[in-house]
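Shown next: upload-v4.pdb, containing PDB, C-alpha atoms, pLDDT in the B column.
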```
ATOM      1  CA  MET A  90       0.000   0.000   0.000  1.00 81.00           C
ATOM      2  CA  ASN A  91       1.378   3.386  -1.045  1.00 90.00           C
ATOM      3  CA  TYR A  92      -1.194   5.869   0.271  1.00 93.00           C
ATOM      4  CA  PHE A  93      -2.780   6.276   3.679  1.00 94.00           C
ATOM      5  CA  VAL A  94      -5.642   8.310   5.096  1.00 97.00           C
ATOM      6  CA  ILE A  95      -4.515   9.228   8.595  1.00 94.00           C
ATOM      7  CA  LEU A  96      -6.317  10.815  11.538  1.00 95.00           C
ATOM      8  CA  PHE A  97      -4.289  13.435  13.425  1.00 92.00           C
ATOM      9  CA  LYS A  98      -5.065  14.646  16.933  1.00 92.00           C
ATOM     10  CA  ASN A  99      -3.669  18.013  17.983  1.00 88.00           C
ATOM     11  CA  ARG A 100      -1.512  17.919  14.833  1.00 81.00           C
ATOM     12  CA  LYS A 101       0.121  14.604  15.704  1.00 85.00           C
ATOM     13  CA  LYS A 102      -0.567  11.229  14.100  1.00 87.00           C
ATOM     14  CA  LYS A 103      -3.249   9.281  15.981  1.00 90.00           C
ATOM     15  CA  ARG A 104      -4.013   6.311  13.717  1.00 92.00           C
ATOM     16  CA  ILE A 105      -4.271   5.099  10.139  1.00 94.00           C
ATOM     17  CA  ILE A 106      -7.894   5.056   8.964  1.00 96.00           C
ATOM     18  CA  LYS A 107      -7.384   3.201   5.675  1.00 96.00           C
ATOM     19  CA  LYS A 108      -4.662   2.203   3.189  1.00 96.00           C
ATOM     20  CA  PHE A 109      -4.798   2.465  -0.610  1.00 96.00           C
ATOM     21  CA  VAL A 110      -2.795   1.379  -3.638  1.00 94.00           C
ATOM     22  CA  THR A 111      -3.589   4.479  -5.719  1.00 94.00           C
ATOM     23  CA  GLU A 112      -3.621   8.188  -4.929  1.00 93.00           C
ATOM     24  CA  GLN A 113      -6.986   8.635  -6.665  1.00 95.00           C
ATOM     25  CA  LYS A 114      -8.777   6.145  -4.397  1.00 97.00           C
ATOM     26  CA  ALA A 115      -7.142   7.647  -1.330  1.00 96.00           C
ATOM     27  CA  PHE A 116      -8.411  11.117  -2.215  1.00 97.00           C
ATOM     28  CA  LEU A 117     -11.907   9.863  -3.046  1.00 98.00           C
ATOM     29  CA  PHE A 118     -12.155   8.300   0.412  1.00 98.00           C
ATOM     30  CA  PHE A 119     -10.557  11.351   2.048  1.00 98.00           C
ATOM     31  CA  ASN A 120     -13.002  13.797   0.435  1.00 98.00           C
ATOM     32  CA  LYS A 121     -16.013  11.676   1.432  1.00 98.00           C
ATOM     33  CA  MET A 122     -14.857  11.622   5.054  1.00 98.00           C
ATOM     34  CA  ILE A 123     -14.261  15.391   5.087  1.00 97.00           C
ATOM     35  CA  LYS A 124     -17.710  16.042   3.593  1.00 97.00           C
ATOM     36  CA  LYS A 125     -19.368  13.789   6.186  1.00 97.00           C
ATOM     37  CA  SER A 126     -17.471  15.416   9.055  1.00 97.00           C
ATOM     38  CA  ASN A 127     -18.559  18.877   7.924  1.00 96.00           C
ATOM     39  CA  GLU A 128     -22.179  17.811   8.450  1.00 96.00           C
ATOM     40  CA  ILE A 129     -21.644  17.136  12.180  1.00 97.00           C
ATOM     41  CA  PHE A 130     -23.392  19.592  14.513  1.00 97.00           C
ATOM     42  CA  PHE A 131     -21.903  18.570  17.885  1.00 97.00           C
ATOM     43  CA  THR A 132     -18.167  18.022  17.533  1.00 97.00           C
ATOM     44  CA  LYS A 133     -15.668  16.584  20.006  1.00 96.00           C
ATOM     45  CA  ARG A 134     -13.515  19.282  21.606  1.00 94.00           C
ATOM     46  CA  VAL A 135     -12.516  17.625  24.881  1.00 90.00           C
ATOM     47  CA  GLU A 136     -10.963  14.189  25.322  1.00 89.00           C
ATOM     48  CA  HIS A 137      -9.744  12.817  28.663  1.00 84.00           C
ATOM     49  CA  THR A 138     -10.364  16.287  30.201  1.00 82.00           C
ATOM     50  CA  LYS A 139      -8.010  17.978  27.699  1.00 88.00           C
ATOM     51  CA  ASP A 140      -8.869  20.218  24.743  1.00 90.00           C
ATOM     52  CA  CYS A 141      -8.442  18.484  21.412  1.00 92.00           C
ATOM     53  CA  GLY A 142      -8.725  19.084  17.684  1.00 90.00           C
ATOM     54  CA  PHE A 143      -8.532  16.683  14.768  1.00 94.00           C
ATOM     55  CA  GLU A 144      -7.256  16.719  11.198  1.00 92.00           C
ATOM     56  CA  LEU A 145      -7.486  14.208   8.383  1.00 95.00           C
ATOM     57  CA  GLY A 146      -4.599  13.779   5.985  1.00 92.00           C
ATOM     58  CA  VAL A 147      -3.589  11.903   2.852  1.00 93.00           C
ATOM     59  CA  VAL A 148      -0.079  10.532   3.286  1.00 91.00           C
ATOM     60  CA  SER A 149       2.147   9.009   0.610  1.00 89.00           C
ATOM     61  CA  ALA A 150       4.967   6.493   1.009  1.00 84.00           C
ATOM     62  CA  ILE A 151       6.285   7.138  -2.508  1.00 82.00           C
ATOM     63  CA  LYS A 152       5.416  10.710  -3.468  1.00 66.00           C
ATOM     64  CA  LYS A 153       7.811  13.071  -1.716  1.00 63.00           C
ATOM     65  CA  HIS A 154       7.957  16.815  -1.207  1.00 56.00           C
ATOM     66  CA  ASP A 155      10.226  18.888   1.005  1.00 52.00           C
ATOM     67  CA  LEU A 156       7.784  21.644   1.918  1.00 53.00           C
ATOM     68  CA  PRO A 157       6.349  21.568   5.473  1.00 55.00           C
ATOM     69  CA  THR A 158       2.574  21.110   5.770  1.00 68.00           C
ATOM     70  CA  TYR A 159       0.531  23.697   7.648  1.00 68.00           C
ATOM     71  CA  ILE A 160      -3.106  23.893   8.700  1.00 70.00           C
ATOM     72  CA  LYS A 161      -5.152  26.774  10.089  1.00 67.00           C
ATOM     73  CA  ASP A 162      -7.276  26.533  13.208  1.00 65.00           C
ATOM     74  CA  GLU A 163     -10.663  28.199  13.761  1.00 66.00           C
ATOM     75  CA  LEU A 164      -8.904  31.449  14.719  1.00 64.00           C
ATOM     76  CA  GLY A 165      -6.895  31.512  11.503  1.00 68.00           C
ATOM     77  CA  ARG A 166      -3.582  30.624  13.168  1.00 69.00           C
ATOM     78  CA  SER A 167      -1.210  28.404  11.169  1.00 69.00           C
ATOM     79  CA  PHE A 168       0.346  25.289  12.685  1.00 70.00           C
ATOM     80  CA  LYS A 169       2.841  22.833  11.239  1.00 66.00           C
ATOM     81  CA  VAL A 170       1.639  19.238  11.038  1.00 67.00           C
ATOM     82  CA  SER A 171       4.167  16.433  11.104  1.00 63.00           C
ATOM     83  CA  ILE A 172       4.417  12.656  11.401  1.00 64.00           C
ATOM     84  CA  GLU A 173       6.772  12.289  14.327  1.00 59.00           C
ATOM     85  CA  GLY A 174       9.469   9.681  13.872  1.00 53.00           C
ATOM     86  CA  ASP A 175       8.469   9.044  10.247  1.00 57.00           C
ATOM     87  CA  SER A 176      10.758  10.521   7.612  1.00 59.00           C
ATOM     88  CA  ASP A 177       9.728   8.063   4.874  1.00 69.00           C
ATOM     89  CA  ASN A 178       6.192   9.391   4.321  1.00 77.00           C
ATOM     90  CA  SER A 179       4.909  12.783   3.129  1.00 83.00           C
ATOM     91  CA  ILE A 180       1.602  14.554   3.787  1.00 86.00           C
ATOM     92  CA  LEU A 181      -0.053  15.375   0.456  1.00 88.00           C
ATOM     93  CA  GLU A 182      -3.108  17.144   1.886  1.00 89.00           C
ATOM     94  CA  ILE A 183      -4.586  17.760   5.311  1.00 89.00           C
ATOM     95  CA  LYS A 184      -7.815  19.392   6.478  1.00 91.00           C
ATOM     96  CA  SER A 185      -9.697  19.988   9.715  1.00 91.00           C
ATOM     97  CA  TYR A 186     -11.757  16.941  10.613  1.00 95.00           C
ATOM     98  CA  TYR A 187     -14.720  16.940  12.977  1.00 96.00           C
ATOM     99  CA  VAL A 188     -15.307  13.930  15.216  1.00 96.00           C
ATOM    100  CA  GLU A 189     -18.842  13.593  16.537  1.00 97.00           C
ATOM    101  CA  GLU A 190     -19.261  13.983  20.282  1.00 97.00           C
ATOM    102  CA  LYS A 191     -21.882  12.002  22.186  1.00 97.00           C
ATOM    103  CA  ILE A 192     -23.821  12.563  25.394  1.00 97.00           C
ATOM    104  CA  TYR A 193     -24.410   9.963  28.091  1.00 96.00           C
ATOM    105  CA  ASP A 194     -27.994   8.795  28.561  1.00 95.00           C
ATOM    106  CA  VAL A 195     -28.150   8.135  32.310  1.00 91.00           C
ATOM    107  CA  ALA A 196     -31.256   5.917  32.223  1.00 90.00           C
ATOM    108  CA  GLU A 197     -30.108   3.802  29.280  1.00 94.00           C
ATOM    109  CA  LYS A 198     -26.440   3.800  30.435  1.00 94.00           C
ATOM    110  CA  GLN A 199     -25.089   4.456  26.963  1.00 96.00           C
ATOM    111  CA  LYS A 200     -23.746   7.296  24.843  1.00 97.00           C
ATOM    112  CA  ILE A 201     -25.891   8.672  22.031  1.00 97.00           C
ATOM    113  CA  THR A 202     -25.437  11.186  19.223  1.00 97.00           C
ATOM    114  CA  ILE A 203     -27.367  14.416  18.815  1.00 97.00           C
ATOM    115  CA  THR A 204     -29.436  12.756  16.060  1.00 96.00           C
ATOM    116  CA  GLU A 205     -30.259   9.747  18.259  1.00 97.00           C
ATOM    117  CA  PHE A 206     -31.187  12.092  21.104  1.00 97.00           C
ATOM    118  CA  THR A 207     -33.557  14.039  18.860  1.00 96.00           C
ATOM    119  CA  ASN A 208     -35.139  10.958  17.267  1.00 95.00           C
ATOM    120  CA  LYS A 209     -35.764   9.261  20.606  1.00 95.00           C
ATOM    121  CA  TYR A 210     -36.722  12.109  22.922  1.00 95.00           C
ATOM    122  CA  LEU A 211     -37.981  14.988  20.775  1.00 94.00           C
ATOM    123  CA  LYS A 212     -40.448  13.219  18.478  1.00 86.00           C
ATOM    124  CA  GLU A 213     -43.456  12.993  20.765  1.00 71.00           C
ATOM    125  CA  GLY A 214     -46.170  15.646  20.755  1.00 77.00           C
ATOM    126  CA  GLY A 215     -46.176  18.535  23.185  1.00 86.00           C
ATOM    127  CA  LEU A 216     -43.526  21.053  24.165  1.00 91.00           C
ATOM    128  CA  LYS A 217     -40.525  19.738  26.088  1.00 95.00           C
ATOM    129  CA  ILE A 218     -38.210  21.775  28.329  1.00 95.00           C
ATOM    130  CA  LEU A 219     -34.450  21.226  28.247  1.00 96.00           C
ATOM    131  CA  SER A 220     -32.204  22.750  30.934  1.00 94.00           C
ATOM    132  CA  VAL A 221     -28.520  22.768  31.867  1.00 93.00           C
ATOM    133  CA  LEU A 222     -27.660  21.600  35.391  1.00 92.00           C
ATOM    134  CA  ASN A 223     -23.923  21.532  36.066  1.00 90.00           C
ATOM    135  CA  HIS A 224     -22.496  18.964  33.618  1.00 91.00           C
ATOM    136  CA  LYS A 225     -25.938  17.495  33.003  1.00 93.00           C
ATOM    137  CA  ILE A 226     -28.840  18.062  30.652  1.00 95.00           C
ATOM    138  CA  VAL A 227     -32.361  17.788  32.082  1.00 95.00           C
ATOM    139  CA  LEU A 228     -35.230  17.043  29.699  1.00 96.00           C
ATOM    140  CA  GLN A 229     -38.764  17.505  31.000  1.00 93.00           C
ATOM    141  CA  ASN A 230     -41.766  16.175  29.086  1.00 92.00           C
ATOM    142  CA  ASP A 231     -44.849  16.877  31.214  1.00 88.00           C
ATOM    143  CA  THR A 232     -44.153  14.865  34.394  1.00 88.00           C
ATOM    144  CA  ASN A 233     -41.435  12.702  32.837  1.00 91.00           C
ATOM    145  CA  PHE A 234     -37.752  13.532  33.278  1.00 93.00           C
ATOM    146  CA  ASN A 235     -34.644  12.278  31.511  1.00 94.00           C
ATOM    147  CA  LEU A 236     -31.079  13.007  32.540  1.00 94.00           C
ATOM    148  CA  PHE A 237     -27.976  13.187  30.346  1.00 95.00           C
ATOM    149  CA  SER A 238     -24.392  14.017  31.213  1.00 94.00           C
ATOM    150  CA  LEU A 239     -21.353  15.492  29.508  1.00 94.00           C
ATOM    151  CA  LYS A 240     -17.788  16.156  30.624  1.00 92.00           C
ATOM    152  CA  ASN A 241     -18.395  19.542  32.266  1.00 91.00           C
ATOM    153  CA  GLU A 242     -20.857  22.438  32.364  1.00 90.00           C
ATOM    154  CA  SER A 243     -19.352  24.298  29.406  1.00 91.00           C
ATOM    155  CA  GLU A 244     -19.755  21.147  27.306  1.00 94.00           C
ATOM    156  CA  SER A 245     -23.405  20.956  28.381  1.00 94.00           C
ATOM    157  CA  VAL A 246     -24.002  24.544  27.285  1.00 94.00           C
ATOM    158  CA  ARG A 247     -22.183  23.853  24.017  1.00 95.00           C
ATOM    159  CA  PHE A 248     -24.445  20.853  23.453  1.00 97.00           C
ATOM    160  CA  THR A 249     -27.590  22.953  23.885  1.00 96.00           C
ATOM    161  CA  ASP A 250     -26.209  25.532  21.436  1.00 96.00           C
ATOM    162  CA  SER A 251     -25.447  22.779  18.914  1.00 97.00           C
ATOM    163  CA  LEU A 252     -28.847  21.199  19.492  1.00 97.00           C
ATOM    164  CA  ALA A 253     -30.592  24.524  18.834  1.00 97.00           C
ATOM    165  CA  LYS A 254     -28.782  24.813  15.476  1.00 96.00           C
ATOM    166  CA  TYR A 255     -29.576  21.201  14.595  1.00 97.00           C
ATOM    167  CA  LEU A 256     -33.269  21.562  15.474  1.00 96.00           C
ATOM    168  CA  SER A 257     -33.465  24.730  13.400  1.00 95.00           C
ATOM    169  CA  HIS A 258     -31.838  22.852  10.516  1.00 96.00           C
ATOM    170  CA  ILE A 259     -34.456  20.076  10.615  1.00 94.00           C
ATOM    171  CA  ASN A 260     -37.303  22.473  11.546  1.00 94.00           C
ATOM    172  CA  ASN A 261     -38.047  20.784  14.872  1.00 93.00           C
ATOM    173  CA  LYS A 262     -39.782  23.136  17.323  1.00 92.00           C
ATOM    174  CA  SER A 263     -40.686  20.594  19.997  1.00 92.00           C
ATOM    175  CA  VAL A 264     -38.407  21.832  22.792  1.00 95.00           C
ATOM    176  CA  MET A 265     -37.680  25.015  24.722  1.00 95.00           C
ATOM    177  CA  ILE A 266     -34.004  25.288  25.690  1.00 94.00           C
ATOM    178  CA  ILE A 267     -33.084  27.056  28.947  1.00 91.00           C
ATOM    179  CA  ASN A 268     -29.402  27.898  29.408  1.00 84.00           C
ATOM    180  CA  ASP A 269     -29.923  29.888  32.609  1.00 78.00           C
ATOM    181  CA  THR A 270     -27.372  28.488  35.089  1.00 75.00           C
ATOM    182  CA  SER A 271     -28.131  30.923  37.910  1.00 82.00           C
ATOM    183  CA  SER A 272     -28.260  29.682  41.500  1.00 86.00           C
ATOM    184  CA  GLN A 273     -32.022  30.203  41.594  1.00 86.00           C
ATOM    185  CA  GLN A 274     -32.585  28.112  38.459  1.00 86.00           C
ATOM    186  CA  LYS A 275     -30.310  25.358  39.752  1.00 87.00           C
ATOM    187  CA  LYS A 276     -32.091  25.288  43.110  1.00 89.00           C
ATOM    188  CA  TYR A 277     -35.420  24.937  41.329  1.00 87.00           C
ATOM    189  CA  LEU A 278     -34.105  22.018  39.244  1.00 89.00           C
ATOM    190  CA  TYR A 279     -32.546  20.290  42.277  1.00 88.00           C
ATOM    191  CA  GLU A 280     -35.865  20.396  44.134  1.00 89.00           C
ATOM    192  CA  LEU A 281     -37.907  19.341  41.109  1.00 89.00           C
ATOM    193  CA  LEU A 282     -35.667  16.384  40.269  1.00 89.00           C
ATOM    194  CA  ASN A 283     -35.332  15.324  43.897  1.00 88.00           C
ATOM    195  CA  GLU A 284     -39.123  15.215  44.169  1.00 88.00           C
ATOM    196  CA  ASN A 285     -39.123  12.922  41.128  1.00 87.00           C
ATOM    197  CA  GLY A 286     -36.696  10.400  42.616  1.00 87.00           C
ATOM    198  CA  PHE A 287     -33.291  11.580  41.401  1.00 86.00           C
ATOM    199  CA  ASP A 288     -30.328  11.253  43.781  1.00 82.00           C
ATOM    200  CA  THR A 289     -29.238  14.674  45.070  1.00 76.00           C
ATOM    201  CA  ALA A 290     -25.575  13.599  45.291  1.00 74.00           C
ATOM    202  CA  ILE A 291     -25.537  12.791  41.577  1.00 79.00           C
ATOM    203  CA  LEU A 292     -27.269  16.044  40.681  1.00 82.00           C
ATOM    204  CA  TYR A 293     -24.661  18.157  42.500  1.00 72.00           C
ATOM    205  CA  ARG A 294     -21.709  16.676  40.601  1.00 75.00           C
ATOM    206  CA  LYS A 295     -20.096  19.103  38.160  1.00 74.00           C
ATOM    207  CA  PHE A 296     -17.780  16.825  36.168  1.00 71.00           C
ATOM    208  CA  THR A 297     -17.925  13.356  34.649  1.00 68.00           C
ATOM    209  CA  THR A 298     -14.288  13.000  35.730  1.00 54.00           C
ATOM    210  CA  GLN A 299     -12.188  15.397  37.746  1.00 43.00           C
ATOM    211  CA  PRO A 300     -10.271  17.886  35.562  1.00 42.00           C
ATOM    212  CA  ARG A 301      -6.519  17.350  35.411  1.00 43.00           C
ATOM    213  CA  LEU A 302      -4.217  19.918  36.933  1.00 36.00           C
ATOM    214  CA  LYS A 303      -2.240  21.884  34.358  1.00 38.00           C
TER     215      LYS A 303
END
```

So that I can check it, write out the structure of this file as structure tokens.
Amino acid sequence: MNYFVILFKNRKKKRIIKKFVTEQKAFLFFNKMIKKSNEIFFTKRVEHTKDCGFELGVVSAIKKHDLPTYIKDELGRSFKVSIEGDSDNSILEIKSYYVEEKIYDVAEKQKITITEFTNKYLKEGGLKILSVLNHKIVLQNDTNFNLFSLKNESESVRFTDSLAKYLSHINNKSVMIINDTSSQQKKYLYELLNENGFDTAILYRKFTTQPRLK
């Protein structure tokens, strides 16, 4: 195999996605993956409590060039991308690549995508209310409550922002999103959820895992 489509994390090689004999097939696969990633609404930005970004590249074992490869981040800053410890291969093209983030469904004990969340919980009739509570998302449908968790509170807020854009995209108006994280709003949610059988100790947690010290 002469060509590889490689996933980079924070501008360093993470893993080989697929290998190809020809450059044409490698680029066809690469372009399809980039197009699909650009359609993702809720992207992964934190992994193991650390900020992260991803790129996808086409790498050649036979086609060489001496020029360094750079990529721009969302702020327009340029960074050099390299394959550490590998001087035999060259990066032919590299682009930002968006990995889909998931949220944890507490009741089902599994992670789900934003599409799965919408299809399962936002299809029934009637207006639902969705609120942020620490690193959790609270969904109220009449007297029924569902709880979801993310890595931290900022990720929960980012999810609601992404969800609002996704719902607008598919013209779904079944939920009212409340991002108010004031003490009064949190107190109201604690009392409401506690009355409906949710463990107070779990509700007060602010992280899925403790953040690492820098």

Between A:Glu182, A:Glu205, A:Asp250, A:Glu112, which has the minimum distance to A:Leu145 (counting only C-alpha atoms)?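 For A:Leu145, the nearest of the given residues is A:Glu182.
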
Given the file above and the PyMOL selection byres ((chain A and resi 195) around 12), which residues are selected, and can you give them as an mmCIF file with C-alpha atoms, in the coordinates of the input?
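To be explicit, this is the file written out as result.cif:
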```cif
data_model
loop_
_atom_site.group_PDB
_atom_site.id
_atom_site.type_symbol
_atom_site.label_atom_id
_atom_site.label_comp_id
_atom_site.auth_asym_id
_atom_site.auth_seq_id
_atom_site.Cartn_x
_atom_site.Cartn_y
_atom_site.Cartn_z
ATOM 1 C CA ILE A 192 -23.821 12.563 25.394
ATOM 2 C CA TYR A 193 -24.410 9.963 28.091
ATOM 3 C CA ASP A 194 -27.994 8.795 28.561
ATOM 4 C CA ALA A 196 -31.256 5.917 32.223
ATOM 5 C CA GLU A 197 -30.108 3.802 29.280
ATOM 6 C CA LYS A 198 -26.440 3.800 30.435
ATOM 7 C CA GLN A 199 -25.089 4.456 26.963
ATOM 8 C CA LYS A 200 -23.746 7.296 24.843
ATOM 9 C CA ILE A 201 -25.891 8.672 22.031
ATOM 10 C CA LYS A 225 -25.938 17.495 33.003
ATOM 11 C CA ILE A 226 -28.840 18.062 30.652
ATOM 12 C CA VAL A 227 -32.361 17.788 32.082
ATOM 13 C CA LEU A 228 -35.230 17.043 29.699
ATOM 14 C CA PHE A 234 -37.752 13.532 33.278
ATOM 15 C CA ASN A 235 -34.644 12.278 31.511
ATOM 16 C CA LEU A 236 -31.079 13.007 32.540
ATOM 17 C CA PHE A 237 -27.976 13.187 30.346
ATOM 18 C CA SER A 238 -24.392 14.017 31.213
ATOM 19 C CA LEU A 239 -21.353 15.492 29.508
ATOM 20 C CA PHE A 287 -33.291 11.580 41.401
ATOM 21 C CA ILE A 291 -25.537 12.791 41.577
ATOM 22 C CA LEU A 292 -27.269 16.044 40.681
ATOM 23 C CA THR A 297 -17.925 13.356 34.649
#
```

Near A:Asn223, counting all atoms listed in the file, which residues have an atom at most 9 Å away, once you skip same-chain residues fewer than 4 positions from it, shown as a list in words?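 The residues that qualify are Ser238, Asn241, Glu242, Ser243, Ser245, Thr270, Lys275, Leu292, Tyr293, Arg294, Lys295 and Phe296 of chain A.
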
Sort by chain and increasing residue number a table of all residues of stretch 191-213 of chain A within 9 Å of stretch 119-138 of chain A, each with its closest pair of atoms and their distance in Å to one decimal, counting all atoms listed in the file, and write it as a tab-separated table.
```
residue	atom	partner	partner_atom	distance
A:Lys191	CA	A:Phe131	CA	7.9
A:Thr202	CA	A:Phe131	CA	8.3
A:Ile203	CA	A:Phe131	CA	6.9
```

Quick one: distance from atom CA of A:Ile267 to atom CA of A:Lys217 in Å, one decimal?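 About the pair atom CA of A:Ile267 and atom CA of A:Lys217: they are 10.8 Å apart.
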
Report as a PyMOL selection string the residues that result from applying the PyMOL selection byres ((chain A and resi 142) around 10) to the structure here. chain A and resi 97-100+132-136+140-141+143-144+162+185-188

Might you pull out every residue within 12 Å of A:Gly214, with only C-alpha atoms counted and same-chain residues fewer than 3 positions away left off, and present them as a list in words? Tyr210, Leu211, Lys217, Asn230, Asp231, Asn261, Lys262, Ser263 and Val264 of chain A

May I ask which of the residues A:Ile180, A:Val147, A:Leu96, A:Val246 is the closest one to A:Phe109, counting all atoms listed in the file? A:Val147

Extract, using only C-alpha atoms, all DNA, RNA and protein residues at most 7 Å from A:Val148, discarding same-chain residues fewer than 2 positions from it, and format them as a ChimeraX atom specification. /A:92-94,146,150,178-181

Looking at A:Asn233, A:Thr207, A:Gln274, A:Ser149, which one is nearest to A:Ala253, with distances taken over only C-alpha atoms?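 Checking each candidate against A:Ala253, we get A:Thr207 as the closest.
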
Pick from A:Gly215, A:Lys209, A:Lys101, A:Phe248, whichever lies nearest to A:Glu189 using all atoms listed in the file: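 Answer, going by the shortest atom-to-atom distance: A:Phe248.
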